[in-house]
Amino acid sequence: MKIARLIALSAVMTCLSLAAYAQGKPAPKDALLYFVWPQDGATIKGGFWCRFGLRNMGVTHAGDHFQNSGHHHLLIDVNDPLDPNEPIPQDKSHLHYGAGQTEARIELPPGKHTLQLVLGDANHYPFNPPVVSNKITVTIR
Amino acid sequence: MAEIRDFKSGKNTVPPSGAMPRRLAAIVAGDISGYSRLMQLDEEGTHGRVKRIERDLIEPTITEHHGKLVKTTGDGFIAIFDSPVEAVRCSIVIQQNLVGRNASLPKHYWIEYRIGVNLGDVIIETDDVYGDGVNIASRLEGIAEPGQVYISGGIYEQIKHKLVCGYESLGDRKVKNITDPVRVYRVLPDPAALNRTRKRRESILLFLLSLALLVIAGGALWYMLLQPHDKIGNQASAPQPQSAPSVAPIPQQAVPQPPSAPSVAPIPQQAAPQPPSAPSAAPATQQAAQQSKPESRATPATPLASAVREPEMNTIRAGIFTMGSNDDVTEKPPHQVTIKPFAISKYPISVRDWNECAAAKACAFAATGKDDAPVTNVSWTDAKQFVAWLATATRKAYRLPSEAEWEYAARGGTQTKYWWGDQFQSGMANCKNCNDIAAAEQPIKVGSFKPNPFGLYDMGGGVDQWVEDCWHKNYQGAPADGSAWVEAGCTSHVIRSGSWKNDARYVRPSNRDSYDTNVRYPTHGFRVALSP
């Protein structure tokens, strides 16, 4: 009987340790990532300074593990969902600002483009829950 | 009520009723364990000893305890008793006596009995006894350990408060051909043995439990820490040195500056002030000739140039090619570039190569992963540290390739969209959806795909590769002499080749991308170049 109880206790503890975990660091629920500029629906001629806003969290250099901090990534014309268990991809549509930049000069070919911001943690993983901005659409003339 | 009759003496009278007499009796079944083995060891000796044991020990003891020996088989016996207490006492006495008899003999000569005792309503005949009760006793004896006495639940209930010995419950056992499971107890001659047994059992179970928990916890921890974050998590905590200002004025072809200023060093001095855009053919060859003279290189603080594994290098002949393309705005305008001879590593720098630098404490972290995999999670600054170490350790002009050199080497003498032609082909490069490699095996070891016409592997796909040049958004104003396009303190540099996570477009030799100078990313690596 005692043995049966011990076995039951161990099963419960095992289940606790197997509780699902995501790769990224935790983010506060009230973190807000947003575009300071441009606004959704803007029409812009030529290149522009894209400005990234972040509320209730901090921006730091990639590789630094400060709590509650991350670095910006700008997704241009990306339609695939982000995989929380993989680092944010690095290519020409996923621009990384690992040095802690909060704005960037963006030049896009003419036409409609979507822009979205994602905050990445020290290892370039999305936070848990992901800190993403709204996806905005801009038109380049 | 029938009485026990003296079967052996022959004074038996036929029971009056003529029906088979049944009685409740305690049945003791005993059997020698390992009898055949003992017989094989010593047939006559064993036989004699067994006979003596039966005659001198078993029969008298049974008689003393008011039981009757029903029959002996070759290696065992069956006895019945009126009293369960006497039956168990008798069994204990037999076992304890046998211990005494065996004491002087080596272990493989021991004659040990297994004894099972059961209480049952059985059929008594002249020279045998039948019934489930007998079968159960035999089965109990069969599962007993040598030298032990196993009793059934029925016996236990009768003797538990009468016989001063300990009992260890072995639970319910399913017995062959018997419907209900039988409760089995092991008799422990001294009560203290029970506590020891119980404690030992408990402690064994607790130990196994904690071991299992530790293994699970360790496995979860290992998986979390090592698997996805492996290259980042295992780096030494040294932060990226802010080396951009000191390293920036590196001319493209020059020997890397030694960290301490040497007093007389004609080669470095010659290289340092030389502007990158000017050298004509004559001073270049002169410089090359002078660089090959070992004695003119005075480097007072050089570490031992001993047995440093140098990467395999391919020599690239001089040439002129068109750099860039019209496929992407960053690759415009296509322009002609003249390349002087240089050497470039056949493969991207591997984990093994990198860790030599780490072992020499000249690189900021130790890379994890298979030795033959390309090193990743390397920033441009990290790559520069590596080439600086390699150059110093080997006293050779190792450096990062310029972007022009990289593209020239990647094209392999071709001007097509990919080095093998204008059409993409699956299985030619390690890129996304380009081959059948499982994600878990990436990055795979260097040199897994076909080399290009210059004999270079992984130029396109595989790992992203840093080059010397600062990032410029296109080629307006780019140099035409194959040198690196650099400025002091630029914050992002050019990264080439694309990685296993990028699609086929990134495999094109003209493809270029940028990344922050001091940031590490899990698909970024590099290869090295060597000035002749």
# chains A, B, ... in the order shown; residues from 1 in each chain; ligands from 1
$ select_by_dssp --residues "region 1-140 of chain A" --states "helix (DSSP H, G or I)" --output "CSV table (one decimal) with C-alpha atoms, in the first residue's frame"
chain,number,residue,atom,x,y,z
A,2,LYS,CA,2.8,2.3,1.0
A,3,ILE,CA,4.6,1.3,-2.2
A,4,ALA,CA,1.5,2.0,-4.3
A,5,ARG,CA,1.2,5.5,-2.8
A,6,LEU,CA,4.8,6.2,-3.5
A,7,ILE,CA,4.4,5.1,-7.1
A,8,ALA,CA,1.4,7.3,-7.5
A,9,LEU,CA,3.3,10.3,-6.1
A,10,SER,CA,6.2,9.7,-8.4
A,11,ALA,CA,3.8,9.6,-11.4
A,12,VAL,CA,2.3,12.9,-10.4
A,13,MET,CA,5.8,14.5,-10.1
A,14,THR,CA,6.8,13.1,-13.5
A,15,CYS,CA,3.8,14.7,-15.1
A,16,LEU,CA,4.7,18.0,-13.6
A,17,SER,CA,8.2,17.9,-15.0
$ closest_atom_pairs --of "chain B" --to "chain A" --cutoff "7 Å" --atoms "only C-alpha atoms" --output "Markdown table"
| residue | atom | partner | partner_atom | distance |
| --- | --- | --- | --- | --- |
| B:Ile232 | CA | A:Asn123 | CA | 6.9 |
| B:Asn502 | CA | A:Asp91 | CA | 6.9 |
| B:Asp513 | CA | A:Lys92 | CA | 6.9 |
| B:Asp516 | CA | A:Ala99 | CA | 6.5 |
| B:Val519 | CA | A:Gly98 | CA | 6.0 |
$ closest_residue --among "A:Gly70, A:Gly46, A:Pro129, A:Pro84" --to "Asp30 (chain A)" --atoms "only C-alpha atoms"
A:Pro129
$ residues_around --residues "Trp49 (chain A)" --least-positions-apart "3" --cutoff "8 Å" --atoms "only C-alpha atoms" --output "list in words"
Trp37, Glu103, Ala104, Arg105 and Ile106 of chain A
$ write_last_selection --atoms "C-alpha atoms" --output "compact mmCIF listing (two decimals), in the first residue's frame"
# COMPACT_ATOMS: atom_id res chain seq x y z
CA TRP A 37 5.95 54.76 -38.11
CA GLU A 103 14.48 52.18 -36.24
CA ALA A 104 15.74 51.32 -39.69
CA ARG A 105 15.90 52.81 -43.15
CA ILE A 106 13.70 50.66 -45.34
$ select_by_dssp --residues "region 34-101 of chain A" --states "strand (DSSP E or B)" --output "ChimeraX atom specification"
/A:34-37,43-44,48-55,58-59,69-76,91,94-97
$ residues_around --residues "Met57 (chain A)" --least-positions-apart "3" --cutoff "12 Å" --atoms "only C-alpha atoms" --output "ChimeraX atom specification"
/A:26-33,53-54,60,66-72,119-121,127,131
$ write_last_selection --atoms "C-alpha atoms" --output "CSV table (one decimal), in the first residue's frame"
chain,number,residue,atom,x,y,z
A,26,PRO,CA,8.6,34.5,-21.0
A,27,ALA,CA,7.1,37.8,-21.8
A,28,PRO,CA,4.8,39.9,-19.7
A,29,LYS,CA,1.2,39.9,-20.8
A,30,ASP,CA,1.0,43.6,-21.2
A,31,ALA,CA,4.0,43.9,-23.6
A,32,LEU,CA,3.0,45.8,-26.7
A,33,LEU,CA,4.9,45.9,-29.9
A,53,GLY,CA,7.7,50.9,-30.6
A,54,LEU,CA,7.8,48.6,-27.6
A,60,THR,CA,18.8,45.0,-25.8
A,66,PHE,CA,18.5,40.5,-19.5
A,67,GLN,CA,15.1,39.8,-18.2
A,68,ASN,CA,12.1,41.3,-20.0
A,69,SER,CA,14.3,42.4,-23.0
A,70,GLY,CA,14.6,41.4,-26.6
A,71,HIS,CA,15.5,42.8,-30.0
A,72,HIS,CA,13.4,43.8,-33.0
A,119,LEU,CA,10.4,40.7,-30.7
A,120,GLY,CA,13.1,38.0,-30.3
A,121,ASP,CA,14.9,36.9,-27.1
A,127,PHE,CA,8.9,35.1,-26.7
A,131,VAL,CA,5.4,39.5,-28.8
$ closest_residue --among "B:Pro451, B:Gly120, B:Gly498, B:Pro106" --to "Gly133 (chain B)" --atoms "only C-alpha atoms"
B:Gly120
$ residues_around --residues "Arg101 (chain B)" --least-positions-apart "3" --cutoff "10 Å" --atoms "only C-alpha atoms" --output "PyMOL selection string"
chain B and resi 53+95-98+104-105+110-112
$ residues_around --residues "Asn79 (chain A)" --least-positions-apart "3" --cutoff "12 Å" --atoms "only C-alpha atoms" --output "JSON, numbers by chain"
{"A": [75, 76, 82, 93, 94, 113, 114, 115, 116, 135]}
$ atom_distance --atom1 "CA of Thr368 (chain B)" --atom2 "CA of Pro522 (chain B)"
11.6 Å
$ closest_residue --among "B:Ala144, B:Val50, B:Leu69, B:Ile155" --to "Leu170 (chain B)" --atoms "only C-alpha atoms"
B:Ala144
$ atom_distance --atom1 "CA of Gly24 (chain A)" --atom2 "CA of Ala366 (chain B)"
23.0 Å
$ residues_around --residues "Ile136 (chain A)" --least-positions-apart "2" --cutoff "10 Å" --atoms "only C-alpha atoms" --output "number ranges by chain"
A: 34-35, 38-42, 76-77, 113-117, 133-134, 138
